[in-house]
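Presented below is the structure to which this report refers.
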Amino acid sequence: MATTATVSSSDPPSGPFHALLIEDAGSRKTKSSIQQITVDDLPPHEVLIKVAYSTLNYKDGLAVAGKGRICRTLPMVGGIDLSGTVVESQSSKFQKGDAVLVNGFGLSETQWGGYSEYAKMKPEWLVPVPKEFSLEQAMGIGTAGYTSMLCVNAIRDHGVKPEDGPILVTGASGGVGSVAIHLLSKLGYDVEASTGGSANHDYLKSLGASSFLDRSDLDRDSKPLEKEVWAAAVDSVGSKTLASVLSQTKYGGLVAACGLVGGMDLPSSVAPFILRGVTLQGIDSVMAPMAKREKAWKDLAELMDAKILSEIYKVEPFSQLPFLADQIVKGEIKGRVVIDVG
Ligand code: NDP
């Protein structure tokens with residue numbers, strides 16, 4: 001599918017447009033509201049983008065609901081990612097009409113993010129949207145899916161082959177986990193999914209998982225070394241789960257650790273590293289170098305099945321953001337949420 005560019009004669013806008021602003025509410029608290037701002041309010045970066053879509057992640061929920069100290073400067077426009085079309089560019093690298101996306105780089109933390117009809121970005125943050133994806137699909141993948149690709153590429157780069165054994169994906173039904181299962185299965189790996197309940201099994205099977213583990217089997221105190229089971233793993237849970245995964249990773253295997261839904265701690269030992277040569281590789285999507293990002297998006301364009309992608313996310317209107325933020329913080333949202341910003 002060709003990526004559509006929708007720049008009209010009224011771009012750049014002379015009047016106000018909507019943005020979700022997070023502001024200081026005193027007593028170390030923040031409040032958020034949808035407000036009208038103008039291009040003059042935007043930061044002085046070189047590329048003006050008409051934003052089409054952003055996404056809602058747990059971190060966004062915390063920022064918008066005023067539950068965590070996500071924003072390090074205020075006022076802040078929320079949204080950790082965006083896709084859209086270049087409207088004006090002072091950089092020779094991007095022209096009016098180019099379809100672009102941004103993941104991370106401190107959006108919604110130190111830099112104004114994607115919850116705004118127009119955004120100004122530095123050219124070095126922009127990735128061209130692969131021609132295989134629409135602007136909506138690019139955010140259907142979003143930061144979670146791009147992080148999955150970074151994890152899968154870490155496993156491939158380590159030299160783990162399908163014949164080396166099964167690959168474990170924890171937090172399987174989440175944004176990172178579900179895309180990781182699909183990508184690994186597309187690459188011919190045998191994927192075991194760790195999930196909270198059997199209700200998810202059919203969905204995870206449709207993504208490519210071939211066997212299942214209950215999340216409680218990993219979320220327990222583990223021995224430094226247990227039976228070797230997985231050639232590699234993608235872990236978005238952390239804490240006791242990550243420790244259990246490390247103790248069951250095969251000799252020379254790799255665990256790509258990207259998340260902390262189960263906790264920030266790691267009650268493990270050095271045994272898997274010094275006795276089995278296991279590699280624990282941290283995966284960061286926010287400040288990942290551009291070459292890794294471009295490779296990940298190119299690989300996503302090759303591997304991601306459009307039908308499966310369409311089943312992973314739903315699109316919600318901008319006006320619903322405050323409500324959806326509360327819901328995601330309470331754990332009441334299933335699947336990925338794309339926000340229609342335009
Ligand atoms: P989601 O909320 O979409 O999914 C998390 C999944 O983890 C859930 O669907 C559930 O899956 C499982 N889960 C939920 N609660 C627990 C729990 N208490 N213990 C164990 N498993 C649990 O999150 P994402 O997939 O978007 O993100 C996953 C993690 O990755 C987050 O911590 C996020 O902050 C992090 N992340 C990191 C990035 C980076 O750059 N390093 C980038 C993007 C995300 P199930 O029911 O199947 O077990």
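Each chain in the structure tokens gets a letter, A, B, ..., in the order shown, and its residues are numbered from 1; ligands are numbered from 1 in order too.
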
For this session: Mind checking which residues fall within 8 Å of A:Val338, counting only C-alpha atoms, ignoring those fewer than 4 positions away in the same chain, and posting them as a list in words?
Result: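 In the requested format, the answer is Tyr53, Ser54, Thr55, Leu56, Glu136, Met139, Gly140, Tyr313, Lys314, Val315 and Glu316 of chain A.
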
Would you mind exporting the chosen residues as a PDB file, in the first residue's frame, restricted to N, CA and C atoms?
ATOM      1  N   TYR A  53      -1.761  10.403  13.113  1.00  0.00           N
ATOM      2  CA  TYR A  53      -2.049   9.443  14.180  1.00  0.00           C
ATOM      3  C   TYR A  53      -0.943   9.456  15.234  1.00  0.00           C
ATOM      4  N   SER A  54      -1.347   9.110  16.454  1.00  0.00           N
ATOM      5  CA  SER A  54      -0.397   8.817  17.522  1.00  0.00           C
ATOM      6  C   SER A  54      -0.904   7.527  18.172  1.00  0.00           C
ATOM      7  N   THR A  55      -0.356   7.141  19.312  1.00  0.00           N
ATOM      8  CA  THR A  55      -0.862   5.930  19.975  1.00  0.00           C
ATOM      9  C   THR A  55      -1.046   6.215  21.459  1.00  0.00           C
ATOM     10  N   LEU A  56      -1.675   5.286  22.133  1.00  0.00           N
ATOM     11  CA  LEU A  56      -1.834   5.386  23.587  1.00  0.00           C
ATOM     12  C   LEU A  56      -1.115   4.198  24.217  1.00  0.00           C
ATOM     13  N   GLU A 136      -1.856   5.262   9.228  1.00  0.00           N
ATOM     14  CA  GLU A 136      -2.582   4.575  10.308  1.00  0.00           C
ATOM     15  C   GLU A 136      -1.864   3.279  10.695  1.00  0.00           C
ATOM     16  N   MET A 139       1.218   3.646  12.899  1.00  0.00           N
ATOM     17  CA  MET A 139       0.951   3.785  14.330  1.00  0.00           C
ATOM     18  C   MET A 139       0.243   2.551  14.892  1.00  0.00           C
ATOM     19  N   GLY A 140      -0.378   1.748  14.014  1.00  0.00           N
ATOM     20  CA  GLY A 140      -0.886   0.453  14.471  1.00  0.00           C
ATOM     21  C   GLY A 140       0.282  -0.369  15.005  1.00  0.00           C
ATOM     22  N   TYR A 313      -4.863  -3.669  16.503  1.00  0.00           N
ATOM     23  CA  TYR A 313      -5.149  -2.327  17.040  1.00  0.00           C
ATOM     24  C   TYR A 313      -6.553  -1.858  16.678  1.00  0.00           C
ATOM     25  N   LYS A 314      -7.007  -0.837  17.417  1.00  0.00           N
ATOM     26  CA  LYS A 314      -8.257  -0.153  17.053  1.00  0.00           C
ATOM     27  C   LYS A 314      -7.969   1.349  17.067  1.00  0.00           C
ATOM     28  N   VAL A 315      -8.739   2.103  16.267  1.00  0.00           N
ATOM     29  CA  VAL A 315      -8.529   3.553  16.171  1.00  0.00           C
ATOM     30  C   VAL A 315      -9.579   4.256  17.032  1.00  0.00           C
ATOM     31  N   GLU A 316      -9.132   5.206  17.836  1.00  0.00           N
ATOM     32  CA  GLU A 316     -10.044   5.968  18.709  1.00  0.00           C
ATOM     33  C   GLU A 316      -9.902   7.463  18.408  1.00  0.00           C
TER      34      GLU A 316
END

Counting only C-alpha atoms and all ligand atoms, which residues of chain A fall within 6 Å of ligand 1, and what is the closest atom pair for each with its distance in Å at one decimal, ordered by chain and rising number, as CSV?
residue,atom,partner,partner_atom_place_in_ligand_line,distance
A:Asn57,CA,ligand 1,26 (O),5.9
A:Thr143,CA,ligand 1,43 (C),5.7
A:Ala144,CA,ligand 1,43 (C),4.6
A:Thr147,CA,ligand 1,42 (C),5.3
A:Gly171,CA,ligand 1,7 (O),3.4
A:Ala172,CA,ligand 1,47 (O),4.0
A:Ser173,CA,ligand 1,47 (O),3.7
A:Gly174,CA,ligand 1,4 (O),3.1
A:Gly175,CA,ligand 1,25 (O),3.6
A:Val176,CA,ligand 1,25 (O),3.8
A:Gly177,CA,ligand 1,25 (O),5.6
A:Thr195,CA,ligand 1,48 (O),3.4
A:Gly196,CA,ligand 1,46 (O),3.9
A:Arg215,CA,ligand 1,48 (O),5.7
A:Ser236,CA,ligand 1,29 (C),4.4
A:Val237,CA,ligand 1,20 (C),5.3
A:Cys258,CA,ligand 1,41 (N),4.0
A:Gly259,CA,ligand 1,30 (O),3.4
A:Leu260,CA,ligand 1,32 (O),3.9
A:Val261,CA,ligand 1,32 (O),4.3
A:Gly262,CA,ligand 1,19 (N),4.0
A:Ile283,CA,ligand 1,41 (N),5.1
A:Asp284,CA,ligand 1,40 (O),3.8
A:Ser285,CA,ligand 1,40 (O),3.5
A:Val286,CA,ligand 1,40 (O),5.3

For this session: Identify, on the basis of only C-alpha atoms, every residue whose closest approach to A:Leu107 does not exceed 12 Å; exclude the query and any residue fewer than 6 positions from it along the same chain; express the result as a list in words.
Result: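 Counting only C-alpha atoms, the residues come to Ser54, Lys59, Asp60, Ala63, Ile70, Cys71, Arg72, Thr73, Met76, Val77, Gly78, Gly79, Ile80, Asp81, Leu82, Gly113, Gly114, Tyr115, Ser116, Ala119, Lys120, Met121, Lys122, Trp125, Thr143, Ser285, Val286 and Met287 of chain A.
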
Would you save the residues of that selection, restricted to N, CA and C atoms, as a short mmCIF file (atom, residue, chain, number, x, y, z; two decimals), in the first residue's frame?
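Once everything was written out, this is selection.cif:
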data_model
loop_
_atom_site.label_atom_id
_atom_site.label_comp_id
_atom_site.auth_asym_id
_atom_site.auth_seq_id
_atom_site.Cartn_x
_atom_site.Cartn_y
_atom_site.Cartn_z
N SER A 54 -1.35 9.11 16.45
CA SER A 54 -0.40 8.82 17.52
C SER A 54 -0.90 7.53 18.17
N LYS A 59 2.60 4.43 29.41
CA LYS A 59 3.34 5.65 29.79
C LYS A 59 2.53 6.91 29.46
N ASP A 60 1.85 6.89 28.30
CA ASP A 60 0.98 8.02 27.92
C ASP A 60 -0.18 8.15 28.91
N ALA A 63 0.98 9.82 31.97
CA ALA A 63 1.24 11.26 31.74
C ALA A 63 -0.08 12.04 31.65
N ILE A 70 6.06 11.54 34.33
CA ILE A 70 6.59 11.22 32.99
C ILE A 70 7.15 12.49 32.34
N CYS A 71 6.42 13.60 32.43
CA CYS A 71 6.84 14.84 31.77
C CYS A 71 7.89 15.54 32.63
N ARG A 72 9.05 15.78 32.03
CA ARG A 72 10.12 16.40 32.82
C ARG A 72 10.15 17.91 32.63
N THR A 73 9.44 18.42 31.63
CA THR A 73 9.25 19.87 31.51
C THR A 73 7.76 20.11 31.27
N MET A 76 3.57 20.44 28.59
CA MET A 76 4.02 19.39 27.67
C MET A 76 2.85 18.93 26.81
N VAL A 77 3.12 18.67 25.53
CA VAL A 77 2.13 17.99 24.69
C VAL A 77 2.41 16.50 24.80
N GLY A 78 1.39 15.70 25.15
CA GLY A 78 1.59 14.27 25.34
C GLY A 78 1.77 13.52 24.01
N GLY A 79 1.94 12.19 24.16
CA GLY A 79 2.05 11.32 22.96
C GLY A 79 3.48 10.97 22.64
N ILE A 80 3.86 9.67 22.86
CA ILE A 80 5.27 9.29 22.69
C ILE A 80 5.64 9.03 21.24
N ASP A 81 4.66 9.00 20.34
CA ASP A 81 4.99 8.76 18.93
C ASP A 81 3.98 9.45 18.03
N LEU A 82 4.26 9.47 16.74
CA LEU A 82 3.33 10.08 15.77
C LEU A 82 3.66 9.62 14.36
N GLY A 113 5.01 16.11 22.14
CA GLY A 113 4.75 14.86 21.44
C GLY A 113 3.66 14.91 20.38
N GLY A 114 3.04 13.75 20.17
CA GLY A 114 2.17 13.54 19.01
C GLY A 114 0.71 13.90 19.21
N TYR A 115 0.29 14.25 20.43
CA TYR A 115 -1.12 14.59 20.65
C TYR A 115 -1.37 16.06 20.27
N SER A 116 -1.19 16.37 19.00
CA SER A 116 -1.32 17.74 18.52
C SER A 116 -1.50 17.67 17.00
N ALA A 119 2.88 19.37 14.64
CA ALA A 119 4.02 19.21 15.55
C ALA A 119 5.28 19.65 14.82
N LYS A 120 6.22 20.25 15.57
CA LYS A 120 7.53 20.56 14.98
C LYS A 120 8.55 19.59 15.55
N MET A 121 9.31 18.97 14.65
CA MET A 121 10.26 17.93 15.05
C MET A 121 11.64 18.22 14.46
N LYS A 122 12.69 17.68 15.09
CA LYS A 122 14.03 17.77 14.51
C LYS A 122 14.14 16.72 13.40
N TRP A 125 15.10 13.08 14.09
CA TRP A 125 14.18 12.17 14.78
C TRP A 125 13.27 11.44 13.79
N THR A 143 5.18 2.44 18.72
CA THR A 143 6.42 2.23 19.47
C THR A 143 6.51 0.80 20.00
N SER A 285 14.01 1.67 23.02
CA SER A 285 13.53 2.21 21.75
C SER A 285 13.65 3.72 21.69
N VAL A 286 13.70 4.37 22.86
CA VAL A 286 13.58 5.83 22.89
C VAL A 286 14.77 6.53 22.24
N MET A 287 15.98 6.12 22.64
CA MET A 287 17.18 6.79 22.10
C MET A 287 17.95 5.86 21.14
#

For this session: To one decimal in Å, tell me the separation between atom CA of A:Ala99 and atom CA of A:Ser83.
Result: 7.4 Å

For this session: Going by DSSP on the backbone, which bits of stretch 22-255 of chain A are helix (DSSP H, G or I)? Write them as an MDAnalysis selection string, please.
Result: chainID A and resid 39:41 58:65 123:125 135:157 162:164 175:186 198:207 215:217 239:247

Exercise. Excluding same-chain residues fewer than 6 positions from A:Leu254, what lies within 9 Å of it counting only C-alpha atoms, as an MDAnalysis selection string?
Worked result: chainID A and resid 154:155 158 160 231:234 246 277:281

For N, CA and C atoms, I'd like the residues from the last selection saved as a PDB file, in the first residue's frame.
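Everything below was put into part34.pdb:
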ATOM      1  N   ALA A 154      17.702  -8.279  17.905  1.00  0.00           N
ATOM      2  CA  ALA A 154      18.783  -8.608  18.856  1.00  0.00           C
ATOM      3  C   ALA A 154      18.987 -10.123  18.880  1.00  0.00           C
ATOM      4  N   ILE A 155      17.885 -10.864  18.836  1.00  0.00           N
ATOM      5  CA  ILE A 155      17.968 -12.337  18.845  1.00  0.00           C
ATOM      6  C   ILE A 155      18.619 -12.837  17.550  1.00  0.00           C
ATOM      7  N   HIS A 158      22.311 -12.082  17.380  1.00  0.00           N
ATOM      8  CA  HIS A 158      23.082 -12.948  18.282  1.00  0.00           C
ATOM      9  C   HIS A 158      23.366 -14.298  17.628  1.00  0.00           C
ATOM     10  N   VAL A 160      20.966 -16.617  16.891  1.00  0.00           N
ATOM     11  CA  VAL A 160      20.016 -17.682  17.270  1.00  0.00           C
ATOM     12  C   VAL A 160      19.201 -18.067  16.041  1.00  0.00           C
ATOM     13  N   ALA A 231      15.926 -21.079  23.553  1.00  0.00           N
ATOM     14  CA  ALA A 231      17.147 -20.598  22.886  1.00  0.00           C
ATOM     15  C   ALA A 231      17.279 -19.088  23.049  1.00  0.00           C
ATOM     16  N   ALA A 232      16.143 -18.412  23.230  1.00  0.00           N
ATOM     17  CA  ALA A 232      16.155 -16.948  23.392  1.00  0.00           C
ATOM     18  C   ALA A 232      14.786 -16.542  23.933  1.00  0.00           C
ATOM     19  N   ALA A 233      14.689 -15.279  24.349  1.00  0.00           N
ATOM     20  CA  ALA A 233      13.402 -14.803  24.868  1.00  0.00           C
ATOM     21  C   ALA A 233      13.262 -13.304  24.639  1.00  0.00           C
ATOM     22  N   VAL A 234      11.985 -12.880  24.525  1.00  0.00           N
ATOM     23  CA  VAL A 234      11.633 -11.454  24.525  1.00  0.00           C
ATOM     24  C   VAL A 234      10.848 -11.238  25.811  1.00  0.00           C
ATOM     25  N   LEU A 246      15.856 -16.157  32.655  1.00  0.00           N
ATOM     26  CA  LEU A 246      17.327 -16.271  32.567  1.00  0.00           C
ATOM     27  C   LEU A 246      17.783 -17.652  33.040  1.00  0.00           C
ATOM     28  N   GLY A 277      26.853 -18.730  29.741  1.00  0.00           N
ATOM     29  CA  GLY A 277      27.156 -17.747  28.694  1.00  0.00           C
ATOM     30  C   GLY A 277      25.921 -17.058  28.142  1.00  0.00           C
ATOM     31  N   VAL A 278      24.886 -16.965  28.983  1.00  0.00           N
ATOM     32  CA  VAL A 278      23.643 -16.306  28.541  1.00  0.00           C
ATOM     33  C   VAL A 278      23.873 -14.794  28.455  1.00  0.00           C
ATOM     34  N   THR A 279      23.295 -14.177  27.439  1.00  0.00           N
ATOM     35  CA  THR A 279      23.385 -12.720  27.281  1.00  0.00           C
ATOM     36  C   THR A 279      22.060 -12.087  27.660  1.00  0.00           C
ATOM     37  N   LEU A 280      22.124 -11.093  28.544  1.00  0.00           N
ATOM     38  CA  LEU A 280      20.931 -10.302  28.866  1.00  0.00           C
ATOM     39  C   LEU A 280      21.084  -8.983  28.128  1.00  0.00           C
ATOM     40  N   GLN A 281      20.304  -8.804  27.091  1.00  0.00           N
ATOM     41  CA  GLN A 281      20.443  -7.581  26.289  1.00  0.00           C
ATOM     42  C   GLN A 281      19.286  -6.623  26.558  1.00  0.00           C
TER      43      GLN A 281
END

For this session: Determine, counting only C-alpha atoms, which protein, DNA and RNA residues have an atom within 12 Å of an atom of A:Asn153; residues of the same chain fewer than 3 positions away are not included. Present the result as a PyMOL selection string.
Result: chain A and resi 146-150+156-161+180+183-184+187+232-234+254-256+281+283+292-293+295-300

Preceding selection exported with C-alpha atoms as a PDB file, in the first residue's frame:
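Dumped to selection.pdb:
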ATOM      1  CA  TYR A 146       8.947  -1.205  16.646  1.00  0.00           C
ATOM      2  CA  THR A 147      10.340  -2.249  20.062  1.00  0.00           C
ATOM      3  CA  SER A 148       9.322  -5.850  19.278  1.00  0.00           C
ATOM      4  CA  MET A 149      11.345  -5.653  16.063  1.00  0.00           C
ATOM      5  CA  LEU A 150      14.369  -4.326  17.988  1.00  0.00           C
ATOM      6  CA  ARG A 156      18.792 -12.663  15.119  1.00  0.00           C
ATOM      7  CA  ASP A 157      21.998 -10.640  15.465  1.00  0.00           C
ATOM      8  CA  HIS A 158      23.082 -12.948  18.282  1.00  0.00           C
ATOM      9  CA  GLY A 159      22.971 -15.782  15.760  1.00  0.00           C
ATOM     10  CA  VAL A 160      20.016 -17.682  17.270  1.00  0.00           C
ATOM     11  CA  LYS A 161      18.491 -19.864  14.551  1.00  0.00           C
ATOM     12  CA  ALA A 180       7.033 -10.162  18.721  1.00  0.00           C
ATOM     13  CA  LEU A 183       7.474 -11.545  13.763  1.00  0.00           C
ATOM     14  CA  LEU A 184       9.280 -14.541  15.302  1.00  0.00           C
ATOM     15  CA  LEU A 187      10.876 -15.867  10.667  1.00  0.00           C
ATOM     16  CA  ALA A 232      16.155 -16.948  23.392  1.00  0.00           C
ATOM     17  CA  ALA A 233      13.402 -14.803  24.868  1.00  0.00           C
ATOM     18  CA  VAL A 234      11.633 -11.454  24.525  1.00  0.00           C
ATOM     19  CA  LEU A 254      19.966 -14.320  24.589  1.00  0.00           C
ATOM     20  CA  VAL A 255      17.194 -12.616  26.532  1.00  0.00           C
ATOM     21  CA  ALA A 256      16.017  -9.304  25.090  1.00  0.00           C
ATOM     22  CA  GLN A 281      20.443  -7.581  26.289  1.00  0.00           C
ATOM     23  CA  ILE A 283      16.397  -2.978  24.530  1.00  0.00           C
ATOM     24  CA  LYS A 292      18.766   0.543  14.081  1.00  0.00           C
ATOM     25  CA  ARG A 293      15.399   2.325  13.710  1.00  0.00           C
ATOM     26  CA  LYS A 295      16.525  -1.269   9.812  1.00  0.00           C
ATOM     27  CA  ALA A 296      13.704  -2.176  12.226  1.00  0.00           C
ATOM     28  CA  TRP A 297      11.075  -0.340  10.110  1.00  0.00           C
ATOM     29  CA  LYS A 298      12.426  -1.907   6.918  1.00  0.00           C
ATOM     30  CA  ASP A 299      12.194  -5.354   8.526  1.00  0.00           C
ATOM     31  CA  LEU A 300       8.669  -4.609   9.791  1.00  0.00           C
TER      32      LEU A 300
END

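If only C-alpha atoms are the atoms counted, then among A:Pro123, A:Gly26, A:Gly188, A:Gly84 the closest residue to A:Gln137 is A:Gly84.
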
For this session: Kindly give the distance, in Å, that separates atom CA of A:Leu21 and atom CA of A:Asp40, rounded to a single decimal.
Result: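 Atom CA of A:Asp40 lies 15.1 Å from atom CA of A:Leu21.
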
Exercise. Near stretch 197-211 of chain A, counting only C-alpha atoms, which residues have an atom at most 12 Å away, once you skip same-chain residues fewer than 4 positions from it, shown as a VMD selection string?
Worked result: chain A and resid 166 to 175 177 to 193 215 to 217 304 to 312 334 to 335

What does the file look like for those residues with C-alpha atoms, as a PDB file, in the first residue's frame?
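Output file out.pdb follows:
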ATOM      1  CA  PRO A 166      11.912 -22.453  21.059  1.00  0.00           C
ATOM      2  CA  ILE A 167      11.774 -18.716  21.751  1.00  0.00           C
ATOM      3  CA  LEU A 168       9.786 -17.481  24.755  1.00  0.00           C
ATOM      4  CA  VAL A 169       7.703 -14.296  24.648  1.00  0.00           C
ATOM      5  CA  THR A 170       6.427 -12.973  28.013  1.00  0.00           C
ATOM      6  CA  GLY A 171       3.589 -10.468  28.379  1.00  0.00           C
ATOM      7  CA  ALA A 172       2.407 -12.231  25.245  1.00  0.00           C
ATOM      8  CA  SER A 173      -0.936 -10.538  24.677  1.00  0.00           C
ATOM      9  CA  GLY A 174       0.470  -7.023  25.168  1.00  0.00           C
ATOM     10  CA  GLY A 175       1.536  -4.628  22.409  1.00  0.00           C
ATOM     11  CA  GLY A 177       4.481  -9.378  23.035  1.00  0.00           C
ATOM     12  CA  SER A 178       1.834  -9.833  20.356  1.00  0.00           C
ATOM     13  CA  VAL A 179       3.907  -8.264  17.569  1.00  0.00           C
ATOM     14  CA  ALA A 180       7.033 -10.162  18.721  1.00  0.00           C
ATOM     15  CA  ILE A 181       5.116 -13.474  18.445  1.00  0.00           C
ATOM     16  CA  HIS A 182       4.002 -12.650  14.912  1.00  0.00           C
ATOM     17  CA  LEU A 183       7.474 -11.545  13.763  1.00  0.00           C
ATOM     18  CA  LEU A 184       9.280 -14.541  15.302  1.00  0.00           C
ATOM     19  CA  SER A 185       6.780 -16.965  13.831  1.00  0.00           C
ATOM     20  CA  LYS A 186       7.103 -15.307  10.405  1.00  0.00           C
ATOM     21  CA  LEU A 187      10.876 -15.867  10.667  1.00  0.00           C
ATOM     22  CA  GLY A 188      10.339 -19.591  11.283  1.00  0.00           C
ATOM     23  CA  TYR A 189      10.949 -19.710  15.035  1.00  0.00           C
ATOM     24  CA  ASP A 190       8.918 -21.966  17.316  1.00  0.00           C
ATOM     25  CA  VAL A 191       7.283 -19.491  19.738  1.00  0.00           C
ATOM     26  CA  GLU A 192       6.129 -20.228  23.286  1.00  0.00           C
ATOM     27  CA  ALA A 193       3.869 -17.539  24.770  1.00  0.00           C
ATOM     28  CA  ARG A 215       2.395 -16.291  33.575  1.00  0.00           C
ATOM     29  CA  SER A 216       2.419 -17.618  37.187  1.00  0.00           C
ATOM     30  CA  ASP A 217       4.874 -20.389  36.150  1.00  0.00           C
ATOM     31  CA  MET A 304       4.284  -7.649   9.130  1.00  0.00           C
ATOM     32  CA  ASP A 305       1.133  -9.253   7.774  1.00  0.00           C
ATOM     33  CA  ALA A 306      -1.494  -6.557   7.007  1.00  0.00           C
ATOM     34  CA  LYS A 307      -4.428  -8.704   8.140  1.00  0.00           C
ATOM     35  CA  ILE A 308      -2.806  -9.597  11.438  1.00  0.00           C
ATOM     36  CA  LEU A 309      -1.841  -5.956  11.952  1.00  0.00           C
ATOM     37  CA  SER A 310      -5.462  -4.879  11.466  1.00  0.00           C
ATOM     38  CA  GLU A 311      -6.513  -7.261  14.260  1.00  0.00           C
ATOM     39  CA  ILE A 312      -3.941  -5.941  16.733  1.00  0.00           C
ATOM     40  CA  LYS A 334      -6.912  -4.756  25.546  1.00  0.00           C
ATOM     41  CA  GLY A 335      -4.859  -4.490  22.375  1.00  0.00           C
TER      42      GLY A 335
END

For this session: Give me the residues within 10 Å of A:Asp24 as a ChimeraX atom specification, counting only C-alpha atoms and dropping any in the same chain fewer than 3 places off.
Result: /A:27-32,66,73-76
